[in-house]
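Printed here is data.pdb (PDB, C-alpha atoms and all ligand atoms):
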MODEL        1
ATOM      1  CA  MET F   1      19.272   4.602  -1.875
ATOM      2  CA  LYS F   2      16.829   1.781  -2.479
ATOM      3  CA  LYS F   3      15.078   1.833  -5.813
ATOM      4  CA  VAL F   4      11.323   1.452  -5.330
ATOM      5  CA  ILE F   5       8.153   1.324  -7.396
ATOM      6  CA  ILE F   6       5.013   2.071  -5.399
ATOM      7  CA  ASP F   7       1.737   0.545  -6.588
ATOM      8  CA  VAL F   8      -1.177   2.524  -5.161
ATOM      9  CA  ASP F   9      -4.960   2.919  -5.106
ATOM     10  CA  THR F  10      -4.717   6.490  -3.805
ATOM     11  CA  GLY F  11      -6.618   6.633  -1.086
ATOM     12  CA  ILE F  12      -5.795   8.703   2.015
ATOM     13  CA  ASP F  13      -3.238   6.357   3.577
ATOM     14  CA  ASP F  14      -1.750   5.790   0.114
ATOM     15  CA  ALA F  15      -1.268   9.568  -0.083
ATOM     16  CA  LEU F  16       0.512   9.481   3.282
ATOM     17  CA  ALA F  17       2.695   6.623   2.041
ATOM     18  CA  LEU F  18       3.627   8.632  -1.065
ATOM     19  CA  SER F  19       4.562  11.659   1.004
ATOM     20  CA  TYR F  20       6.671   9.548   3.357
ATOM     21  CA  ALA F  21       8.443   7.823   0.436
ATOM     22  CA  VAL F  22       9.060  11.007  -1.535
ATOM     23  CA  HIS F  23      10.670  12.660   1.506
ATOM     24  CA  SER F  24      12.785   9.670   2.500
ATOM     25  CA  PRO F  25      16.498  10.059   1.698
ATOM     26  CA  ALA F  26      16.707   6.254   1.849
ATOM     27  CA  LEU F  27      14.469   5.745  -1.207
ATOM     28  CA  GLU F  28      14.627   6.520  -4.889
ATOM     29  CA  VAL F  29      11.069   6.387  -6.219
ATOM     30  CA  LEU F  30      11.443   5.194  -9.814
ATOM     31  CA  GLY F  31       7.752   5.581 -10.496
ATOM     32  CA  VAL F  32       4.274   5.138  -9.118
ATOM     33  CA  THR F  33       1.829   2.676 -10.651
ATOM     34  CA  THR F  34      -1.902   2.790 -10.047
ATOM     35  CA  THR F  35      -4.618   0.245  -9.491
ATOM     36  CA  PHE F  36      -8.246  -0.011  -8.370
ATOM     37  CA  GLY F  37      -9.384  -0.674  -4.811
ATOM     38  CA  ASN F  38     -10.289   2.284  -2.632
ATOM     39  CA  ILE F  39     -11.531   3.879  -5.860
ATOM     40  CA  ALA F  40     -11.509   3.283  -9.620
ATOM     41  CA  VAL F  41      -8.108   3.240 -11.300
ATOM     42  CA  GLU F  42      -8.780   6.488 -13.198
ATOM     43  CA  GLU F  43      -9.452   8.212  -9.873
ATOM     44  CA  ALA F  44      -6.368   6.605  -8.349
ATOM     45  CA  THR F  45      -4.266   7.943 -11.217
ATOM     46  CA  ARG F  46      -5.736  11.434 -10.895
ATOM     47  CA  ASN F  47      -5.281  11.449  -7.111
ATOM     48  CA  THR F  48      -1.692  10.217  -7.432
ATOM     49  CA  LEU F  49      -0.832  13.001  -9.871
ATOM     50  CA  GLN F  50      -2.508  15.538  -7.581
ATOM     51  CA  ILE F  51      -0.674  14.299  -4.492
ATOM     52  CA  LEU F  52       2.714  14.256  -6.235
ATOM     53  CA  GLU F  53       2.097  17.819  -7.460
ATOM     54  CA  LEU F  54       1.029  18.905  -3.982
ATOM     55  CA  LEU F  55       4.321  17.461  -2.735
ATOM     56  CA  GLY F  56       6.345  19.213  -5.438
ATOM     57  CA  ALA F  57       7.301  15.799  -6.812
ATOM     58  CA  SER F  58       5.629  15.864 -10.212
ATOM     59  CA  GLN F  59       8.894  14.685 -11.801
ATOM     60  CA  ILE F  60       8.067  11.175 -10.522
ATOM     61  CA  PRO F  61       6.310   9.370 -13.379
ATOM     62  CA  VAL F  62       2.886   7.803 -12.887
ATOM     63  CA  TYR F  63       1.811   4.688 -14.809
ATOM     64  CA  PRO F  64      -1.870   3.699 -14.977
ATOM     65  CA  GLY F  65      -2.640   0.080 -14.253
ATOM     66  CA  ALA F  66      -5.447  -2.428 -14.117
ATOM     67  CA  SER F  67      -9.022  -1.178 -13.976
ATOM     68  CA  ARG F  68     -10.517  -4.437 -12.689
ATOM     69  CA  PRO F  69      -9.512  -7.801 -11.264
ATOM     70  CA  LEU F  70      -8.231 -10.389 -13.725
ATOM     71  CA  PHE F  71     -10.685 -13.062 -12.704
ATOM     72  CA  ARG F  72     -13.750 -11.422 -11.155
ATOM     73  CA  GLU F  73     -15.926  -8.343 -10.931
ATOM     74  CA  LEU F  74     -14.823  -5.019  -9.537
ATOM     75  CA  LYS F  75     -16.024  -4.436  -5.964
ATOM     76  CA  GLU F  76     -17.548  -1.252  -4.629
ATOM     77  CA  LYS F  77     -15.183   1.545  -3.745
ATOM     78  CA  ALA F  78     -14.326   2.315  -0.108
ATOM     79  CA  LYS F  79     -16.311   5.566   0.159
ATOM     80  CA  LEU F  80     -16.771   5.344   3.910
ATOM     81  CA  PHE F  81     -13.014   5.497   4.572
ATOM     82  CA  HIS F  82     -11.722   7.527   1.636
ATOM     83  CA  GLY F  83     -14.724   9.591   0.500
ATOM     84  CA  GLU F  84     -16.302   9.870  -2.924
ATOM     85  CA  ASN F  85     -13.069  11.156  -4.528
ATOM     86  CA  GLY F  86     -10.676   8.913  -2.576
ATOM     87  CA  LEU F  87      -9.087  11.848  -0.738
ATOM     88  CA  GLY F  88     -11.710  12.450   1.936
ATOM     89  CA  ASN F  89     -13.607  14.747  -0.453
ATOM     90  CA  ILE F  90     -10.822  17.345  -0.117
ATOM     91  CA  GLU F  91     -10.459  19.118  -3.451
ATOM     92  CA  LEU F  92      -6.866  19.506  -4.618
ATOM     93  CA  ASP F  93      -5.709  21.447  -7.697
ATOM     94  CA  ARG F  94      -6.342  19.729 -11.012
ATOM     95  CA  PRO F  95      -3.216  17.881 -12.129
ATOM     96  CA  GLN F  96      -0.991  19.728 -14.582
ATOM     97  CA  THR F  97       1.017  16.637 -15.475
ATOM     98  CA  ALA F  98      -0.289  13.609 -17.341
ATOM     99  CA  ALA F  99       0.178   9.940 -16.560
ATOM    100  CA  LYS F 100       2.580   8.065 -18.834
ATOM    101  CA  ASP F 101       1.308   6.135 -21.814
ATOM    102  CA  VAL F 102       2.892   2.880 -20.608
ATOM    103  CA  ARG F 103       1.079   0.171 -18.656
ATOM    104  CA  ALA F 104       1.936  -0.272 -14.979
ATOM    105  CA  SER F 105       2.910  -3.920 -15.448
ATOM    106  CA  SER F 106       5.196  -3.060 -18.412
ATOM    107  CA  PHE F 107       6.915  -0.391 -16.322
ATOM    108  CA  MET F 108       7.521  -2.887 -13.499
ATOM    109  CA  ILE F 109       9.076  -5.389 -15.926
ATOM    110  CA  ALA F 110      11.205  -2.771 -17.697
ATOM    111  CA  GLN F 111      12.612  -1.363 -14.442
ATOM    112  CA  ALA F 112      13.347  -4.816 -13.027
ATOM    113  CA  LYS F 113      15.261  -5.674 -16.212
ATOM    114  CA  GLN F 114      17.117  -2.372 -16.179
ATOM    115  CA  HIS F 115      18.197  -2.779 -12.533
ATOM    116  CA  PRO F 116      18.302  -6.535 -11.899
ATOM    117  CA  GLY F 117      18.171  -7.451  -8.204
ATOM    118  CA  GLU F 118      17.825  -3.820  -7.157
ATOM    119  CA  VAL F 119      14.138  -2.918  -7.410
ATOM    120  CA  THR F 120      11.698  -3.265  -4.514
ATOM    121  CA  ILE F 121       8.028  -3.130  -5.457
ATOM    122  CA  ILE F 122       5.784  -1.817  -2.690
ATOM    123  CA  THR F 123       2.132  -2.669  -3.290
ATOM    124  CA  VAL F 124      -0.495  -0.876  -1.220
ATOM    125  CA  GLY F 125      -3.547  -1.651  -3.340
ATOM    126  CA  SER F 126      -4.865  -4.701  -5.194
ATOM    127  CA  LEU F 127      -2.134  -7.024  -6.467
ATOM    128  CA  THR F 128      -3.427  -7.075 -10.022
ATOM    129  CA  ASN F 129      -0.630  -5.076 -11.697
ATOM    130  CA  LEU F 130       2.048  -7.260 -10.141
ATOM    131  CA  ALA F 131       0.184 -10.463 -10.995
ATOM    132  CA  ALA F 132      -0.202  -9.260 -14.597
ATOM    133  CA  ALA F 133       3.514  -8.439 -14.725
ATOM    134  CA  ILE F 134       4.473 -11.906 -13.453
ATOM    135  CA  MET F 135       2.165 -13.561 -15.981
ATOM    136  CA  ALA F 136       3.655 -11.486 -18.800
ATOM    137  CA  GLU F 137       7.269 -12.007 -17.675
ATOM    138  CA  PRO F 138       7.763 -14.961 -15.301
ATOM    139  CA  LYS F 139      11.466 -14.014 -14.941
ATOM    140  CA  LEU F 140      10.316 -11.009 -12.914
ATOM    141  CA  VAL F 141      10.283 -13.216  -9.804
ATOM    142  CA  ASP F 142      14.099 -13.465  -9.983
ATOM    143  CA  LEU F 143      14.694  -9.924 -11.165
ATOM    144  CA  VAL F 144      13.208  -7.897  -8.313
ATOM    145  CA  GLU F 145      14.881  -7.568  -4.951
ATOM    146  CA  ARG F 146      11.643  -7.992  -3.015
ATOM    147  CA  VAL F 147       7.953  -7.202  -2.969
ATOM    148  CA  VAL F 148       6.528  -5.554   0.133
ATOM    149  CA  VAL F 149       2.781  -6.013   0.212
ATOM    150  CA  MET F 150       0.428  -4.039   2.416
ATOM    151  CA  GLY F 151      -2.308  -6.596   2.700
ATOM    152  CA  GLY F 152      -3.746  -9.535   4.527
ATOM    153  CA  ALA F 153      -4.557 -10.439   8.085
ATOM    154  CA  VAL F 154      -2.920 -13.656   9.243
ATOM    155  CA  THR F 155      -3.501 -13.536  13.013
ATOM    156  CA  VAL F 156      -6.180 -10.850  13.381
ATOM    157  CA  PRO F 157      -9.658 -10.163  11.961
ATOM    158  CA  GLY F 158     -10.110  -8.630   8.524
ATOM    159  CA  ASN F 159     -11.356  -5.142   7.759
ATOM    160  CA  ARG F 160     -13.328  -5.657   4.532
ATOM    161  CA  THR F 161     -14.961  -8.877   5.773
ATOM    162  CA  PRO F 162     -14.682 -10.628   9.151
ATOM    163  CA  VAL F 163     -11.617 -12.481   7.864
ATOM    164  CA  ALA F 164     -10.301 -10.574   4.852
ATOM    165  CA  GLU F 165      -8.300  -7.397   4.383
ATOM    166  CA  ALA F 166      -9.340  -4.865   1.727
ATOM    167  CA  ASN F 167      -6.348  -5.085  -0.662
ATOM    168  CA  ILE F 168      -6.515  -8.886  -0.824
ATOM    169  CA  CYS F 169     -10.305  -8.722  -1.106
ATOM    170  CA  ALA F 170     -10.025  -6.455  -4.129
ATOM    171  CA  ALA F 171      -8.338  -9.237  -6.151
ATOM    172  CA  PRO F 172      -7.775 -12.490  -4.237
ATOM    173  CA  GLU F 173      -6.628 -14.491  -7.275
ATOM    174  CA  ALA F 174      -3.941 -11.920  -8.000
ATOM    175  CA  ALA F 175      -2.684 -12.134  -4.411
ATOM    176  CA  SER F 176      -2.705 -15.913  -4.610
ATOM    177  CA  LEU F 177      -0.742 -15.854  -7.872
ATOM    178  CA  VAL F 178       1.872 -13.483  -6.439
ATOM    179  CA  PHE F 179       2.304 -15.530  -3.241
ATOM    180  CA  GLN F 180       2.712 -18.757  -5.222
ATOM    181  CA  SER F 181       5.041 -17.285  -7.829
ATOM    182  CA  GLY F 182       8.289 -17.584  -5.892
ATOM    183  CA  ILE F 183       8.844 -13.813  -5.808
ATOM    184  CA  PRO F 184      10.219 -12.783  -2.387
ATOM    185  CA  VAL F 185       7.256 -11.300  -0.483
ATOM    186  CA  THR F 186       7.097  -9.448   2.822
ATOM    187  CA  LEU F 187       3.523  -9.183   4.040
ATOM    188  CA  VAL F 188       2.694  -6.057   6.025
ATOM    189  CA  GLY F 189      -0.837  -6.886   7.070
ATOM    190  CA  LEU F 190      -3.386  -5.770   9.617
ATOM    191  CA  ASP F 191      -1.414  -7.890  12.117
ATOM    192  CA  VAL F 192       0.976  -4.943  12.379
ATOM    193  CA  THR F 193      -0.639  -1.970  10.646
ATOM    194  CA  MET F 194      -3.553  -1.805  13.088
ATOM    195  CA  GLN F 195      -0.999  -1.081  15.822
ATOM    196  CA  THR F 196       0.392   2.005  14.072
ATOM    197  CA  LEU F 197      -1.992   4.860  14.722
ATOM    198  CA  LEU F 198      -2.208   8.457  13.660
ATOM    199  CA  THR F 199      -4.099  10.430  16.332
ATOM    200  CA  ARG F 200      -6.008  13.718  16.524
ATOM    201  CA  GLU F 201      -3.007  15.226  18.370
ATOM    202  CA  HIS F 202      -0.839  14.473  15.354
ATOM    203  CA  LEU F 203      -3.342  16.216  13.076
ATOM    204  CA  GLN F 204      -3.371  19.242  15.374
ATOM    205  CA  ALA F 205       0.431  19.425  15.084
ATOM    206  CA  TRP F 206       0.129  19.322  11.275
ATOM    207  CA  ARG F 207      -2.383  22.184  11.394
ATOM    208  CA  GLU F 208      -0.015  24.176  13.598
ATOM    209  CA  LEU F 209       2.846  23.504  11.180
ATOM    210  CA  GLY F 210       0.655  25.569   8.881
ATOM    211  CA  THR F 211       1.994  24.632   5.431
ATOM    212  CA  HIS F 212      -0.379  24.007   2.534
ATOM    213  CA  VAL F 213       0.807  20.389   2.456
ATOM    214  CA  SER F 214       0.467  19.710   6.185
ATOM    215  CA  ARG F 215      -2.978  21.349   6.349
ATOM    216  CA  SER F 216      -4.238  19.473   3.285
ATOM    217  CA  PHE F 217      -3.112  16.169   4.800
ATOM    218  CA  ALA F 218      -4.675  17.074   8.151
ATOM    219  CA  ASP F 219      -8.004  17.684   6.383
ATOM    220  CA  MET F 220      -7.822  14.376   4.500
ATOM    221  CA  CYS F 221      -6.827  12.434   7.595
ATOM    222  CA  GLU F 222      -9.581  13.977   9.666
ATOM    223  CA  PHE F 223     -12.081  12.414   7.259
ATOM    224  CA  TYR F 224     -10.256   9.075   7.549
ATOM    225  CA  MET F 225     -10.163   9.283  11.321
ATOM    226  CA  ASN F 226     -13.865  10.052  11.538
ATOM    227  CA  ALA F 227     -14.566   6.955   9.442
ATOM    228  CA  TYR F 228     -12.397   4.885  11.771
ATOM    229  CA  ALA F 229     -14.351   6.232  14.733
ATOM    230  CA  GLN F 230     -17.615   5.241  13.033
ATOM    231  CA  VAL F 231     -16.490   1.609  12.966
ATOM    232  CA  GLY F 232     -15.338   1.643  16.581
ATOM    233  CA  ASN F 233     -11.666   2.629  16.282
ATOM    234  CA  VAL F 234     -11.759   5.814  18.315
ATOM    235  CA  LYS F 235      -8.055   6.218  19.129
ATOM    236  CA  GLY F 236      -7.006   7.118  15.591
ATOM    237  CA  CYS F 237      -6.570   5.791  12.067
ATOM    238  CA  ALA F 238      -4.120   3.110  10.990
ATOM    239  CA  LEU F 239      -0.975   3.920   9.018
ATOM    240  CA  HIS F 240      -1.417   0.869   6.772
ATOM    241  CA  ASP F 241       0.309   1.992   3.593
ATOM    242  CA  PRO F 242       2.990   4.137   5.274
ATOM    243  CA  LEU F 243       4.131   1.106   7.268
ATOM    244  CA  ALA F 244       4.823  -0.811   4.047
ATOM    245  CA  VAL F 245       7.094   2.076   2.994
ATOM    246  CA  GLY F 246       8.596   2.151   6.494
ATOM    247  CA  VAL F 247       9.543  -1.530   6.291
ATOM    248  CA  VAL F 248      11.622  -0.762   3.184
ATOM    249  CA  ILE F 249      13.253   2.278   4.792
ATOM    250  CA  ASP F 250      14.105   0.355   7.969
ATOM    251  CA  PRO F 251      13.298  -3.370   8.124
ATOM    252  CA  THR F 252      13.953  -3.351  11.891
ATOM    253  CA  PHE F 253      10.627  -1.558  12.461
ATOM    254  CA  VAL F 254       9.082  -5.051  12.236
ATOM    255  CA  LYS F 255       9.801  -8.684  13.001
ATOM    256  CA  ALA F 256       8.857 -11.011  10.170
ATOM    257  CA  THR F 257       8.273 -14.756  10.356
ATOM    258  CA  PRO F 258       8.686 -17.005   7.298
ATOM    259  CA  MET F 259       5.428 -18.844   6.709
ATOM    260  CA  HIS F 260       3.398 -20.583   4.054
ATOM    261  CA  VAL F 261       0.485 -18.326   3.222
ATOM    262  CA  ALA F 262      -2.409 -19.325   0.975
ATOM    263  CA  VAL F 263      -5.219 -17.050  -0.178
ATOM    264  CA  ASP F 264      -8.800 -18.271  -0.116
ATOM    265  CA  THR F 265     -10.321 -17.712  -3.566
ATOM    266  CA  SER F 266     -13.457 -19.793  -2.949
ATOM    267  CA  GLY F 267     -15.904 -16.907  -3.169
ATOM    268  CA  GLY F 268     -17.433 -18.186   0.080
ATOM    269  CA  PRO F 269     -17.566 -16.629   3.553
ATOM    270  CA  SER F 270     -13.790 -16.854   4.004
ATOM    271  CA  ASP F 271     -13.024 -15.510   0.532
ATOM    272  CA  ALA F 272      -9.757 -13.482   0.398
ATOM    273  CA  ARG F 273      -8.579 -14.695   3.774
ATOM    274  CA  THR F 274      -4.793 -15.013   4.045
ATOM    275  CA  ILE F 275      -4.248 -18.386   5.680
ATOM    276  CA  GLY F 276      -0.852 -18.692   7.322
ATOM    277  CA  ASP F 277       0.324 -22.155   8.287
ATOM    278  CA  ARG F 278       1.517 -21.436  11.822
ATOM    279  CA  ARG F 279       1.872 -25.063  12.890
ATOM    280  CA  LYS F 280       5.178 -26.374  14.203
ATOM    281  CA  GLN F 281       5.369 -28.656  11.184
ATOM    282  CA  PRO F 282       3.742 -26.800   8.302
ATOM    283  CA  ALA F 283       2.653 -28.807   5.277
ATOM    284  CA  ALA F 284       4.449 -26.566   2.784
ATOM    285  CA  ALA F 285       7.629 -24.480   2.696
ATOM    286  CA  PRO F 286       7.386 -20.781   3.580
ATOM    287  CA  ASN F 287       6.533 -18.494   0.657
ATOM    288  CA  VAL F 288       6.030 -15.228   2.528
ATOM    289  CA  GLU F 289       7.721 -13.286   5.339
ATOM    290  CA  VAL F 290       4.803 -12.272   7.530
ATOM    291  CA  CYS F 291       5.265  -9.228   9.773
ATOM    292  CA  LEU F 292       3.862 -10.191  13.150
ATOM    293  CA  GLU F 293       5.469  -7.620  15.443
ATOM    294  CA  VAL F 294       6.066  -3.902  15.025
ATOM    295  CA  ASP F 295       7.969  -1.371  17.068
ATOM    296  CA  GLN F 296       5.076   1.012  16.613
ATOM    297  CA  GLU F 297       6.540   3.811  18.691
ATOM    298  CA  ARG F 298       9.789   3.951  16.737
ATOM    299  CA  PHE F 299       7.981   3.662  13.401
ATOM    300  CA  VAL F 300       5.356   6.327  14.146
ATOM    301  CA  THR F 301       8.049   8.710  15.407
ATOM    302  CA  HIS F 302      10.089   8.170  12.247
ATOM    303  CA  PHE F 303       7.031   8.589  10.039
ATOM    304  CA  LEU F 304       6.072  11.874  11.716
ATOM    305  CA  GLN F 305       9.616  13.203  11.395
ATOM    306  CA  HIS F 306       9.843  12.427   7.697
ATOM    307  CA  VAL F 307       6.370  12.623   6.218
ATOM    308  CA  PHE F 308       6.658  16.304   5.279
ATOM    309  CA  SER F 309      10.357  16.950   5.322
ATOM    310  CA  ARG F 310      13.396  15.436   3.702
ATOM    311  CA  GLN F 311      15.900  14.980   6.499
ATOM    312  CA  LYS F 312      18.310  12.212   7.540
TER     313      LYS F 312
HETATM  314  C1  LIG F 401      -5.681  -1.080   2.867
HETATM  315  O1  LIG F 401      -6.914  -0.932   2.149
HETATM  316  C2  LIG F 401      -7.029   0.367   1.642
HETATM  317  O2  LIG F 401      -8.269   0.888   1.974
HETATM  318  C3  LIG F 401      -5.954   1.186   2.286
HETATM  319  O3  LIG F 401      -5.497   2.204   1.414
HETATM  320  C4  LIG F 401      -4.893   0.186   2.600
HETATM  321  O4  LIG F 401      -4.064  -0.026   1.494
HETATM  322  C5  LIG F 401      -5.976  -1.344   4.317
HETATM  323  O5  LIG F 401      -6.679  -2.532   4.464
HETATM  324 CA    CA F 402      -4.092   1.540  -0.354
ENDMDL
END

Would you mind writing the file's structure down as structure tokens?
Amino acid sequence: MKKVIIDVDTGIDDALALSYAVHSPALEVLGVTTTFGNIAVEEATRNTLQILELLGASQIPVYPGASRPLFRELKEKAKLFHGENGLGNIELDRPQTAAKDVRASSFMIAQAKQHPGEVTIITVGSLTNLAAAIMAEPKLVDLVERVVVMGGAVTVPGNRTPVAEANICAAPEAASLVFQSGIPVTLVGLDVTMQTLLTREHLQAWRELGTHVSRSFADMCEFYMNAYAQVGNVKGCALHDPLAVGVVIDPTFVKATPMHVAVDTSGGPSDARTIGDRRKQPAAAPNVEVCLEVDQERFVTHFLQHVFSRQK
């Protein structure tokens, strides 16, 4: 089993990613760390506790993280896509468990030291916790197995701005620091996630499954799907964060290309853009493995088989 830490801004697709990870026999979730992005960090922590309890996985510890970017102001939350509460305005039971009294970045460092070379960190929100961890303990870059980042858009348009993806937009300097740090990074960006769609037929199947969990997720995802439709994506909603988990479960879901990727931190119109040097003779050595192709059919099938049930 792969040891993973999942860094979330829970968020509807974050909730799907958690459910997929918790049910995967290939993963051991050491803990979940929270950050801002879709919503404020306090809401992300609450939602994460609620989702883990809904999934019967409240034994997985939750560590609260950064409440704002290291180097700039907090942006508005993504109410259109995730609702006022981050979970499509679906009310779940109040959490019975509490988050741990240890910072997210400290937890990342401690786990990497305890299991050198074995921990994969999956980030599906802003990169602030990981950047803070690297600043506090530069050896982290050699201690983790890999970082899988849901973020960026190297060959396709952005979603938060014409050129920038939401997780990078939330804290561009943090993303830049992580990419330049030497830590092994796989980038699961909009290049591939926009091809992995959850459709209304899938939600109908979840309703017919009839469990409290499957119906709650169908309700949340219906909100998400309606938001997608409002911005012109009528076929379904993207499985952004679940794909980052999927890439750890089975790296053959994607094809990744080594590339030098820089993050624009100018604050101008291309702020937060992930600029991949795709020339035949790039100016700098690759620092990121960028996922450019996905076997979307195989991934979506696997996701649907495992998201609510723990089976091989
Ligand atoms: C990413 O931004 C967030 O809104 C989603 O949860 C996902 O992590 C997609 O751009
Ligand atoms: Ca997210």

Problem set entry | Pick from F:Leu52, F:Ala175, F:Ile122, F:Leu92 nearest to ligand CA 402 (chain F), counting only C-alpha atoms and all ligand atoms | F:Ile122

Problem set entry | the PyMOL selection byres (((chain F and resi 240) around 12) and not hetatm) resolved against shown file, as a PyMOL selection string | chain F and resi 11-17+123-125+149-153+159+165-167+187-198+237-239+241-247+296+299-300+303

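Across the model, the gap from CA of Thr265 (chain F) to CA of Glu173 (chain F) is 6.1 Å.
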
Exercise. Looking at only C-alpha atoms and all ligand atoms, which of F:Gly267, F:Gly158, F:Pro61, F:Pro95 is the one that sits closest to ligand LIG 401 (chain F)?
Worked result: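 Of F:Gly267, F:Gly158, F:Pro61, F:Pro95, the one nearest ligand LIG 401 (chain F), counting only C-alpha atoms and all ligand atoms, is F:Gly158.
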
Exercise. In file coordinates, which residues lie within 10 Å of (-6.8, 7.4, 18.5) using only C-alpha atoms, given as a count of residues only?
Worked result: 15

Exercise. Quick one, how far is CA of Val41 (chain F) from CA of Ala98 (chain F)?
Worked result: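 So the two atoms, CA of Val41 (chain F) and CA of Ala98 (chain F), lie 14.3 Å apart.
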
Exercise. What is the distance, in Å and to one decimal place, between CA of Pro258 (chain F) and CA of Gln111 (chain F)?
Worked result: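 According to the coordinates, CA of Pro258 (chain F) and CA of Gln111 (chain F) are separated by 27.1 Å.
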
Problem set entry | Residue members of the PyMOL selection byres (((chain F and resi 134) around 10) and not hetatm) in the file shown, as a ChimeraX atom specification | /F:105,108-109,128-133,135-141,177-178,181,183

Can you check which parts of region 9-109 of chain F lie within 7 Å of region 215-222 of chain F? Per residue, the shortest pair of atoms and distance in Å to one decimal, counting only C-alpha atoms, sorted by chain and number, as a tab-separated table.
residue	atom	partner	partner_atom	distance
F:Ile12	CA	F:Met220	CA	6.5
F:Leu87	CA	F:Met220	CA	6.0
F:Gly88	CA	F:Met220	CA	5.0
F:Ile90	CA	F:Met220	CA	6.3

For this session: Could you list the residues chosen by the PyMOL selection byres (((chain F and resi 112-120) around 9) and not hetatm) in this structure as a PyMOL selection string?
Result: chain F and resi 2-6+30+107-111+121-122+140+142-148+248
